[in-house]
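Enquirer: Next up, structure-v8.csv (CSV, C-alpha atoms and all ligand atoms).
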chain,number,residue,atom,x,y,z
U,702,MET,CA,-64.9,20.2,75.6
U,703,ASP,CA,-66.7,22.0,72.8
U,704,ARG,CA,-70.4,21.3,72.6
U,705,ARG,CA,-71.1,20.5,69.0
U,706,LYS,CA,-74.6,19.1,69.0
U,707,PHE,CA,-76.2,22.4,69.1
U,708,ILE,CA,-78.8,22.8,66.5
U,709,ASN,CA,-81.4,20.0,66.5
U,710,LEU,CA,-83.6,19.7,63.5
U,711,SER,CA,-87.1,19.0,64.6
U,712,SER,CA,-90.1,18.0,62.5
U,713,LEU,CA,-92.4,20.2,64.5
U,714,GLY,CA,-93.7,23.0,62.4
U,715,ALA,CA,-95.2,25.4,64.9
U,716,ALA,CA,-93.3,27.8,67.1
U,717,GLY,CA,-93.3,26.7,70.7
U,718,PHE,CA,-91.2,25.4,73.7
U,719,THR,CA,-89.6,22.1,73.9
U,720,LEU,CA,-87.3,20.7,76.7
U,721,GLN,CA,-84.3,21.9,74.7
U,722,GLY,CA,-85.5,25.3,73.8
U,723,PHE,CA,-87.7,27.6,71.8
U,724,ILE,CA,-88.5,26.7,68.1
U,725,PRO,CA,-88.3,30.1,66.5
U,726,THR,CA,-88.4,29.4,62.8
U,727,SER,CA,-89.6,26.9,60.2
U,728,LEU,CA,-87.2,26.3,57.3
U,729,ASN,CA,-88.5,24.2,54.5
U,730,GLY,CA,-90.8,22.4,56.8
U,731,LEU,CA,-88.0,21.8,59.3
U,732,SER,CA,-87.8,23.9,62.5
U,733,THR,CA,-84.5,24.7,64.2
U,734,THR,CA,-84.5,24.2,67.9
U,735,ILE,CA,-82.0,26.4,69.6
U,736,THR,CA,-80.6,25.2,72.8
U,737,PRO,CA,-79.7,28.0,75.3
U,738,ILE,CA,-76.4,27.9,77.1
U,739,VAL,CA,-74.7,30.1,79.7
U,740,VAL,CA,-71.0,30.0,80.6
U,741,ALA,CA,-69.4,31.9,83.5
U,742,THR,CA,-65.9,32.3,84.9
U,743,TRP,CA,-64.6,30.5,88.0
U,744,ASP,CA,-66.5,28.3,90.5
U,745,ALA,CA,-68.7,31.3,91.5
U,746,GLY,CA,-70.1,30.9,88.0
U,747,LEU,CA,-72.1,27.9,89.2
U,748,ALA,CA,-74.4,30.0,91.4
U,749,ALA,CA,-74.5,32.8,88.9
U,750,ASN,CA,-75.4,30.3,86.1
U,751,LYS,CA,-78.3,29.0,88.2
U,752,ALA,CA,-79.8,32.5,88.3
U,753,ALA,CA,-79.2,33.1,84.6
U,754,TRP,CA,-80.8,29.8,83.8
U,755,GLU,CA,-84.0,30.9,85.5
U,756,VAL,CA,-84.3,33.4,82.7
U,757,LEU,CA,-82.9,31.3,79.8
U,758,GLY,CA,-84.7,28.1,80.7
U,759,SER,CA,-88.0,29.7,80.5
U,760,GLY,CA,-87.3,31.3,77.1
U,761,GLY,CA,-86.0,34.6,78.4
U,762,LYS,CA,-83.4,36.9,76.8
U,763,ALA,CA,-79.7,36.3,77.1
U,764,LEU,CA,-79.3,40.0,78.1
U,765,ASP,CA,-81.6,39.6,81.1
U,766,ALA,CA,-79.9,36.3,82.0
U,767,VAL,CA,-76.3,37.7,82.0
U,768,GLU,CA,-77.4,40.6,84.2
U,769,LYS,CA,-79.4,38.5,86.7
U,770,GLY,CA,-76.7,35.9,86.8
U,771,VAL,CA,-73.7,38.1,87.8
U,772,MET,CA,-75.9,40.1,90.3
U,773,VAL,CA,-75.8,36.9,92.4
U,774,THR,CA,-72.0,37.2,92.7
U,775,GLU,CA,-72.2,40.9,93.3
U,776,ASP,CA,-74.4,40.1,96.3
U,777,GLU,CA,-72.2,37.4,97.8
U,778,MET,CA,-70.6,38.3,101.1
U,779,ASN,CA,-67.8,35.9,100.7
U,780,CYS,CA,-66.6,37.0,97.3
U,781,CYS,CA,-64.4,39.7,96.0
U,782,VAL,CA,-66.8,40.8,93.2
U,783,GLY,CA,-68.8,43.8,94.2
U,784,LEU,CA,-68.8,45.9,97.3
U,785,ASN,CA,-67.5,43.0,99.5
U,786,GLY,CA,-64.3,43.0,97.3
U,787,ASN,CA,-60.8,44.1,98.3
U,788,PRO,CA,-60.3,47.8,98.3
U,789,ASP,CA,-57.7,49.9,96.4
U,790,ARG,CA,-54.5,50.9,98.2
U,791,ASP,CA,-56.2,53.9,99.8
U,792,GLY,CA,-58.9,51.6,101.3
U,793,PHE,CA,-61.8,52.2,98.9
U,794,VAL,CA,-63.7,49.6,96.9
U,795,THR,CA,-64.0,50.7,93.3
U,796,LEU,CA,-66.0,48.7,90.8
U,797,ASP,CA,-65.9,48.1,87.1
U,798,ALA,CA,-68.6,46.4,85.0
U,799,SER,CA,-69.8,46.0,81.4
U,800,ILE,CA,-72.6,44.5,79.5
U,801,MET,CA,-73.3,43.9,75.8
U,802,ASP,CA,-76.2,42.6,73.8
U,803,HIS,CA,-76.8,40.9,70.4
U,804,GLU,CA,-77.1,44.2,68.5
U,805,PHE,CA,-73.8,45.8,69.5
U,806,ASN,CA,-75.5,47.8,72.3
U,807,CYS,CA,-73.1,48.1,75.2
U,808,GLY,CA,-72.7,49.9,78.4
U,809,SER,CA,-70.1,50.1,81.2
U,810,VAL,CA,-69.1,51.8,84.4
U,811,ALA,CA,-65.6,52.1,85.9
U,812,PHE,CA,-64.2,53.4,89.2
U,813,LEU,CA,-67.7,53.3,90.6
U,814,GLU,CA,-68.0,53.5,94.4
U,815,ARG,CA,-70.7,52.6,96.9
U,816,ILE,CA,-73.2,51.1,94.4
U,817,LYS,CA,-74.1,47.5,95.0
U,818,HIS,CA,-74.9,46.4,91.4
U,819,PRO,CA,-72.5,48.0,88.9
U,820,ILE,CA,-73.7,45.6,86.2
U,821,SER,CA,-77.2,47.1,86.4
U,822,VAL,CA,-75.8,50.6,86.2
U,823,ALA,CA,-73.8,49.5,83.1
U,824,ARG,CA,-77.1,48.3,81.6
U,825,LYS,CA,-78.7,51.6,82.4
U,826,VAL,CA,-75.8,53.4,80.7
U,827,MET,CA,-76.5,51.2,77.7
U,828,GLU,CA,-80.2,51.7,77.6
U,829,LYS,CA,-80.7,55.3,78.9
U,830,THR,CA,-77.8,57.3,77.7
U,831,PRO,CA,-76.2,58.0,74.3
U,832,HIS,CA,-72.9,56.9,75.8
U,833,VAL,CA,-71.1,53.6,76.3
U,834,MET,CA,-69.0,54.3,79.5
U,835,LEU,CA,-69.4,56.4,82.6
U,836,VAL,CA,-66.7,56.6,85.3
U,837,GLY,CA,-66.2,57.7,88.9
U,838,GLN,CA,-68.3,60.4,90.4
U,839,GLY,CA,-70.3,60.8,87.2
U,840,ALA,CA,-71.2,57.1,87.1
U,841,GLN,CA,-72.2,57.3,90.7
U,842,GLN,CA,-74.3,60.4,90.2
U,843,PHE,CA,-76.0,58.7,87.2
U,844,ALA,CA,-76.7,55.6,89.3
U,845,ILE,CA,-78.3,57.6,92.1
U,846,GLU,CA,-80.4,59.5,89.5
U,847,GLN,CA,-81.5,56.1,88.2
U,848,GLY,CA,-82.7,55.1,91.7
U,849,PHE,CA,-79.7,53.0,92.9
U,850,LYS,CA,-79.1,53.3,96.6
U,851,LEU,CA,-75.8,54.9,97.8
U,852,GLU,CA,-74.3,52.3,100.2
U,853,ASN,CA,-72.3,53.4,103.3
U,854,GLY,CA,-68.9,52.6,101.7
U,855,GLU,CA,-67.6,50.5,104.7
U,856,LEU,CA,-65.4,47.6,103.9
U,857,SER,CA,-66.7,44.1,104.6
U,858,LYS,CA,-65.1,42.3,107.5
U,859,ASP,CA,-63.0,40.0,105.2
U,860,ALA,CA,-61.9,43.0,103.1
U,861,LYS,CA,-61.0,44.9,106.2
U,862,ASN,CA,-58.8,42.0,107.4
U,863,SER,CA,-57.2,41.6,104.0
U,864,TYR,CA,-56.5,45.3,103.8
U,865,GLN,CA,-55.0,45.4,107.3
U,866,ASN,CA,-52.7,42.5,106.3
U,867,TRP,CA,-51.8,44.2,103.0
U,868,LEU,CA,-50.9,47.5,104.8
U,869,LYS,CA,-48.2,45.7,106.8
U,870,ASN,CA,-46.0,45.7,103.7
U,871,SER,CA,-48.0,47.8,101.3
U,872,GLU,CA,-46.3,45.9,98.5
U,873,TYR,CA,-47.6,46.8,95.1
U,874,LYS,CA,-47.1,43.5,93.5
U,875,PRO,CA,-49.7,42.0,91.1
U,876,VAL,CA,-50.0,38.2,91.5
U,877,ILE,CA,-53.1,36.8,89.9
U,878,ASN,CA,-54.6,33.4,90.7
U,879,ILE,CA,-52.1,32.5,93.4
U,880,GLU,CA,-54.6,30.8,95.7
U,881,ARG,CA,-55.1,28.0,93.3
U,882,LYS,CA,-51.5,27.7,92.5
U,883,ASN,CA,-50.7,27.3,96.2
U,884,ALA,CA,-53.6,25.1,97.0
U,885,THR,CA,-52.5,21.4,97.1
U,886,THR,CA,-55.9,20.1,96.3
U,887,GLN,CA,-59.2,21.4,94.9
U,888,LEU,CA,-60.5,21.1,98.4
U,889,ASP,CA,-57.9,23.4,99.8
U,890,ALA,CA,-58.8,26.0,97.2
U,891,SER,CA,-62.5,25.8,97.9
U,892,LYS,CA,-62.0,26.2,101.7
U,893,MET,CA,-60.8,29.7,101.0
U,894,ALA,CA,-63.2,32.5,100.5
U,895,PRO,CA,-63.4,32.6,96.7
U,896,HIS,CA,-60.7,34.7,95.2
U,897,ARG,CA,-59.6,36.4,98.4
U,898,LEU,CA,-56.0,36.2,99.6
U,899,SER,CA,-55.3,36.5,103.3
U,900,ASN,CA,-51.8,37.7,102.6
U,901,GLY,CA,-53.2,40.7,100.8
U,902,GLU,CA,-51.7,40.1,97.3
U,903,TRP,CA,-53.4,40.9,94.1
U,904,ASN,CA,-55.8,38.3,92.8
U,905,HIS,CA,-58.7,37.9,90.3
U,906,ASP,CA,-61.9,39.4,91.5
U,907,THR,CA,-64.2,39.0,88.6
U,908,ILE,CA,-67.2,37.2,87.2
U,909,GLY,CA,-67.7,37.2,83.5
U,910,MET,CA,-70.7,35.5,81.8
U,911,ILE,CA,-71.7,34.8,78.2
U,912,ALA,CA,-75.0,33.3,77.1
U,913,MET,CA,-77.1,32.4,74.1
U,914,ASP,CA,-80.9,32.3,74.4
U,915,SER,CA,-83.5,30.2,72.7
U,916,MET,CA,-83.8,32.8,69.9
U,917,GLY,CA,-80.1,32.3,69.2
U,918,ASN,CA,-79.1,35.7,70.5
U,919,LEU,CA,-75.8,36.2,72.4
U,920,SER,CA,-75.1,38.6,75.2
U,921,GLY,CA,-72.3,39.0,77.9
U,922,SER,CA,-71.6,40.7,81.2
U,923,CYS,CA,-68.5,41.2,83.3
U,924,THR,CA,-68.3,42.7,86.8
U,925,THR,CA,-65.4,43.1,89.2
U,926,SER,CA,-63.9,45.0,92.1
U,927,GLY,CA,-60.7,44.9,90.0
U,928,ALA,CA,-57.3,44.0,91.2
U,929,GLY,CA,-57.1,44.2,95.0
U,930,PHE,CA,-55.0,47.0,96.5
U,931,LYS,CA,-54.6,48.6,93.0
U,932,MET,CA,-53.6,52.2,92.6
U,933,ARG,CA,-56.5,54.6,93.2
U,934,GLY,CA,-58.1,55.3,89.9
U,935,ARG,CA,-56.9,52.1,88.3
U,936,VAL,CA,-59.3,50.6,85.8
U,937,GLY,CA,-58.9,47.1,84.5
U,938,ASP,CA,-60.2,45.3,81.4
U,939,SER,CA,-63.6,44.4,82.6
U,940,PRO,CA,-65.4,47.7,81.7
U,941,VAL,CA,-63.5,48.1,78.4
U,942,ILE,CA,-65.6,46.8,75.6
U,943,GLY,CA,-63.4,44.7,73.3
U,944,ALA,CA,-61.0,43.9,76.1
U,945,GLY,CA,-62.9,42.4,79.0
U,946,LEU,CA,-66.0,41.6,77.0
U,947,TYR,CA,-67.1,41.4,73.4
U,948,VAL,CA,-70.2,40.1,71.7
U,949,ASP,CA,-70.7,39.9,67.9
U,950,ASN,CA,-74.0,38.1,67.4
U,951,GLU,CA,-72.9,36.8,64.0
U,952,VAL,CA,-69.9,35.1,65.5
U,953,GLY,CA,-69.7,34.6,69.2
U,954,ALA,CA,-69.3,36.1,72.7
U,955,VAL,CA,-66.1,36.3,74.8
U,956,VAL,CA,-65.3,37.4,78.3
U,957,ALA,CA,-61.9,37.6,80.1
U,958,THR,CA,-60.5,37.4,83.6
U,959,GLY,CA,-57.1,37.8,85.0
U,960,GLN,CA,-54.5,40.5,84.7
U,961,GLY,CA,-56.6,43.3,83.1
U,962,GLU,CA,-53.6,45.3,81.8
U,963,ASP,CA,-52.5,42.4,79.6
U,964,VAL,CA,-56.0,41.8,78.3
U,965,ILE,CA,-56.4,45.4,77.3
U,966,ARG,CA,-53.0,45.4,75.5
U,967,VAL,CA,-54.3,42.8,73.0
U,968,ALA,CA,-57.9,43.9,72.9
U,969,GLY,CA,-58.4,40.4,74.2
U,970,SER,CA,-62.1,39.5,73.9
U,971,SER,CA,-62.4,41.2,70.5
U,972,ALA,CA,-59.3,39.3,69.3
U,973,VAL,CA,-60.8,36.0,70.4
U,974,VAL,CA,-64.0,36.9,68.5
U,975,GLU,CA,-62.0,37.6,65.4
U,976,GLN,CA,-60.3,34.2,65.6
U,977,MET,CA,-63.7,32.6,65.8
U,978,ARG,CA,-64.8,34.6,62.8
U,979,GLN,CA,-61.9,33.0,60.9
U,980,GLY,CA,-63.3,29.6,61.7
U,981,LYS,CA,-61.5,28.7,64.9
U,982,THR,CA,-63.4,26.8,67.6
U,983,PRO,CA,-63.9,28.8,70.9
U,984,THR,CA,-61.1,26.9,72.6
U,985,GLU,CA,-58.7,27.4,69.7
U,986,ALA,CA,-59.5,31.0,69.5
U,987,CYS,CA,-58.9,31.6,73.2
U,988,LYS,CA,-55.6,29.7,73.0
U,989,ILE,CA,-54.3,31.8,70.1
U,990,VAL,CA,-54.8,35.0,72.0
U,991,ILE,CA,-53.3,33.6,75.2
U,992,GLU,CA,-50.3,32.6,73.2
U,993,ARG,CA,-50.1,36.1,71.9
U,994,ILE,CA,-50.1,37.4,75.4
U,995,ARG,CA,-47.3,35.0,76.4
U,996,ARG,CA,-45.2,36.1,73.5
U,997,ILE,CA,-45.6,39.8,74.5
U,998,LYS,CA,-44.9,39.2,78.1
U,999,LYS,CA,-42.0,36.9,77.6
U,1000,GLU,CA,-40.5,36.0,81.0
U,1001,LYS,CA,-43.0,38.0,82.9
U,1002,ALA,CA,-45.8,35.7,81.7
U,1003,LYS,CA,-45.0,33.4,84.6
U,1004,ASP,CA,-46.2,36.1,87.1
U,1005,ILE,CA,-49.6,36.7,85.6
U,1006,GLN,CA,-52.8,34.8,84.9
U,1007,VAL,CA,-55.1,35.6,81.9
U,1008,CYS,CA,-58.1,33.5,81.0
U,1009,PHE,CA,-60.8,33.7,78.4
U,1010,ILE,CA,-64.1,31.9,77.9
U,1011,ALA,CA,-66.0,31.9,74.6
U,1012,ILE,CA,-69.1,30.6,72.9
U,1013,ASN,CA,-69.8,30.7,69.2
U,1014,LYS,CA,-73.0,31.0,67.2
U,1015,LYS,CA,-73.4,27.2,67.1
U,1016,GLY,CA,-73.4,27.0,70.9
U,1017,GLU,CA,-70.0,25.5,71.1
U,1018,TYR,CA,-68.0,26.7,74.1
U,1019,GLY,CA,-64.5,26.7,75.4
U,1020,GLY,CA,-62.0,28.3,77.8
U,1021,TYR,CA,-58.3,28.7,77.9
U,1022,SER,CA,-55.8,30.2,80.4
U,1023,LEU,CA,-52.1,31.0,80.6
U,1024,HIS,CA,-51.6,28.9,83.6
U,1025,LYS,CA,-53.2,26.0,85.4
U,1026,GLY,CA,-56.0,26.7,87.8
U,1027,PHE,CA,-58.7,28.4,85.8
U,1028,ASN,CA,-62.2,26.9,85.7
U,1029,TYR,CA,-65.6,27.9,84.4
U,1030,ALA,CA,-69.2,26.8,84.8
U,1031,VAL,CA,-71.4,25.7,81.9
U,1032,HIS,CA,-75.2,25.5,82.2
U,1033,THR,CA,-77.2,23.7,79.4
U,1034,PRO,CA,-80.5,21.9,79.6
U,1035,GLN,CA,-78.4,18.9,80.7
U,1036,GLY,CA,-77.2,20.6,83.9
U,1037,ASN,CA,-74.7,23.0,85.5
U,1038,THR,CA,-71.1,21.8,85.6
U,1039,LEU,CA,-67.7,23.1,86.4
U,1040,HIS,CA,-64.9,22.6,83.8
U,1041,GLU,CA,-61.1,22.9,84.3
U,1042,ALA,CA,-59.8,25.0,81.4
U,1043,THR,CA,-56.9,23.8,79.3
U,1044,PHE,CA,-53.8,26.0,79.8
U,1045,LEU,CA,-50.5,26.9,78.2
U,1046,ASP,CA,-48.0,26.1,81.0
Z,1101,LIG,N1,-59.6,41.4,85.1
Z,1101,LIG,C1,-59.8,42.0,86.4
Z,1101,LIG,C2,-59.0,43.3,86.4
Z,1101,LIG,O1,-57.9,43.3,85.9
Z,1101,LIG,C3,-59.3,41.2,87.5
Z,1101,LIG,C4,-59.8,39.8,87.5
Z,1101,LIG,O2,-60.2,39.2,86.5
Z,1101,LIG,O3,-59.8,39.2,88.6
Z,1101,LIG,O4,-59.5,44.2,86.9
Hey, can you dump this file as structure tokens for me?
Expert:
Amino acid sequence: MDRRKFINLSSLGAAGFTLQGFIPTSLNGLSTTITPIVVATWDAGLAANKAAWEVLGSGGKALDAVEKGVMVTEDEMNCCVGLNGNPDRDGFVTLDASIMDHEFNCGSVAFLERIKHPISVARKVMEKTPHVMLVGQGAQQFAIEQGFKLENGELSKDAKNSYQNWLKNSEYKPVINIERKNATTQLDASKMAPHRLSNGEWNHDTIGMIAMDSMGNLSGSCTTSGAGFKMRGRVGDSPVIGAGLYVDNEVGAVVATGQGEDVIRVAGSSAVVEQMRQGKTPTEACKIVIERIRRIKKEKAKDIQVCFIAINKKGEYGGYSLHKGFNYAVHTPQGNTLHEATFLD
């Protein structure tokens, strides 16, 4: 699944655009053509990748691509990412997001309410403040100061229904990824609103995206409404740099989805980057950290899902999950395709 043919040597000497990408440098008479790539979690990643590719395909920056890409998912009515997502157990949608560029600049927001594009607020935190992370009311206040609109805070129709269902038992029971486990066919799964469970159990509600641009720079983004019906104030892995997202421009970029608590425990995305630094391929690196999580969780590993996607500096990519059912979308100049991730059990 890894893409190995990444750096094409070209005899062209001058900088310029080709079908594959931008030709930034000339080394000993040979120029290296860097082929951009973007990878995003779940099937919602296909639409997000398309928007990201509008930036990457015309020579734009990976950082802009990963912001623009996931904004599409934050906007989707039928998706649990963003304000249309499932609320917490008290009935409020609270959002987490993070973004990181190729120079270790990073920004995140957590427990943010009534703001439509948390990923863009995270980027503002990165670019306009001396901080990395803002949470709750402070994050909201900052967003408003930066010109973001305060939305009315009403639940979407689907979220209202899910919440009413959940209230019947008010069971605090995290079960991630159950809709795909229960679906008998891919078609069954796709008939459901992405990532929303009508029975009101926890599920994944995240899009993560990692990209390399035609200059060879890496960036990543992650945005989520978090685990549905979570405790009020609960923050997952997605806004925690090193857990839900990590980018080291010398090595690679990684983003996580699934049970956030278990990603945080192992500093998941950072751990995958470190494996790639030791020479592991993206898929091998993701697998090693997934195995670590299973060792830690022992028997309880069967009740959770954790998934990583990764790209390395050579443009190779991969994904791995604890259980069956995780997929991710990959966009290169050859097209935008959905891949089933390999898994442990
Ligand atoms: N990782 C997210 C969280 O724990 C959930 C998800 O990926 O769906 O908040």
Enquirer: Would you name the residues within 8 Å of ligand LIG 1101 (chain Z), counting all atoms listed in the file, and put them as a ChimeraX atom specification?
Expert: /U:797,877,904-908,925-928,936-939,945,957-962,964,1007
Enquirer: Write to file, as a compact mmCIF listing (two decimals), keeping the file's coordinate frame, the residues of the selection just made, with C-alpha atoms.
Expert:
# COMPACT_ATOMS: atom_id res chain seq x y z
CA ASP U 797 -65.90 48.10 87.10
CA ILE U 877 -53.10 36.80 89.90
CA ASN U 904 -55.80 38.30 92.80
CA HIS U 905 -58.70 37.90 90.30
CA ASP U 906 -61.90 39.40 91.50
CA THR U 907 -64.20 39.00 88.60
CA ILE U 908 -67.20 37.20 87.20
CA THR U 925 -65.40 43.10 89.20
CA SER U 926 -63.90 45.00 92.10
CA GLY U 927 -60.70 44.90 90.00
CA ALA U 928 -57.30 44.00 91.20
CA VAL U 936 -59.30 50.60 85.80
CA GLY U 937 -58.90 47.10 84.50
CA ASP U 938 -60.20 45.30 81.40
CA SER U 939 -63.60 44.40 82.60
CA GLY U 945 -62.90 42.40 79.00
CA ALA U 957 -61.90 37.60 80.10
CA THR U 958 -60.50 37.40 83.60
CA GLY U 959 -57.10 37.80 85.00
CA GLN U 960 -54.50 40.50 84.70
CA GLY U 961 -56.60 43.30 83.10
CA GLU U 962 -53.60 45.30 81.80
CA VAL U 964 -56.00 41.80 78.30
CA VAL U 1007 -55.10 35.60 81.90
Enquirer: Just the residues within 10 Å of Lys861 of chain U, please, counting only C-alpha atoms, with nothing from its chain fewer than 4 positions along; format it as a VMD selection string.
Expert: chain U and resid 785 to 788 792 855 to 857 865 to 867
Enquirer: Got a sec: who's within 10 Å of Glu951 of chain U, counting all atoms listed in the file, leaving out chain neighbours fewer than 4 positions off, as a list in words?
Expert: His803, Glu804, Gly917, Asn918, Leu919, Val974, Arg978, Asn1013 and Lys1014 of chain U
Enquirer: Using all atoms listed in the file for the distances, tell me which of U:Ala844, U:Ala986, U:Ala912, U:Ile1012 is nearest to Val739 of chain U.
Expert: U:Ala912
Enquirer: Considering only C-alpha atoms, state which residue in the set U:Ile991, U:Val740, U:Ala972, U:Ala823 is at the smallest distance from Thr1033 of chain U.
Expert: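 Ranked by minimum distance to Thr1033 of chain U, first place goes to U:Val740.
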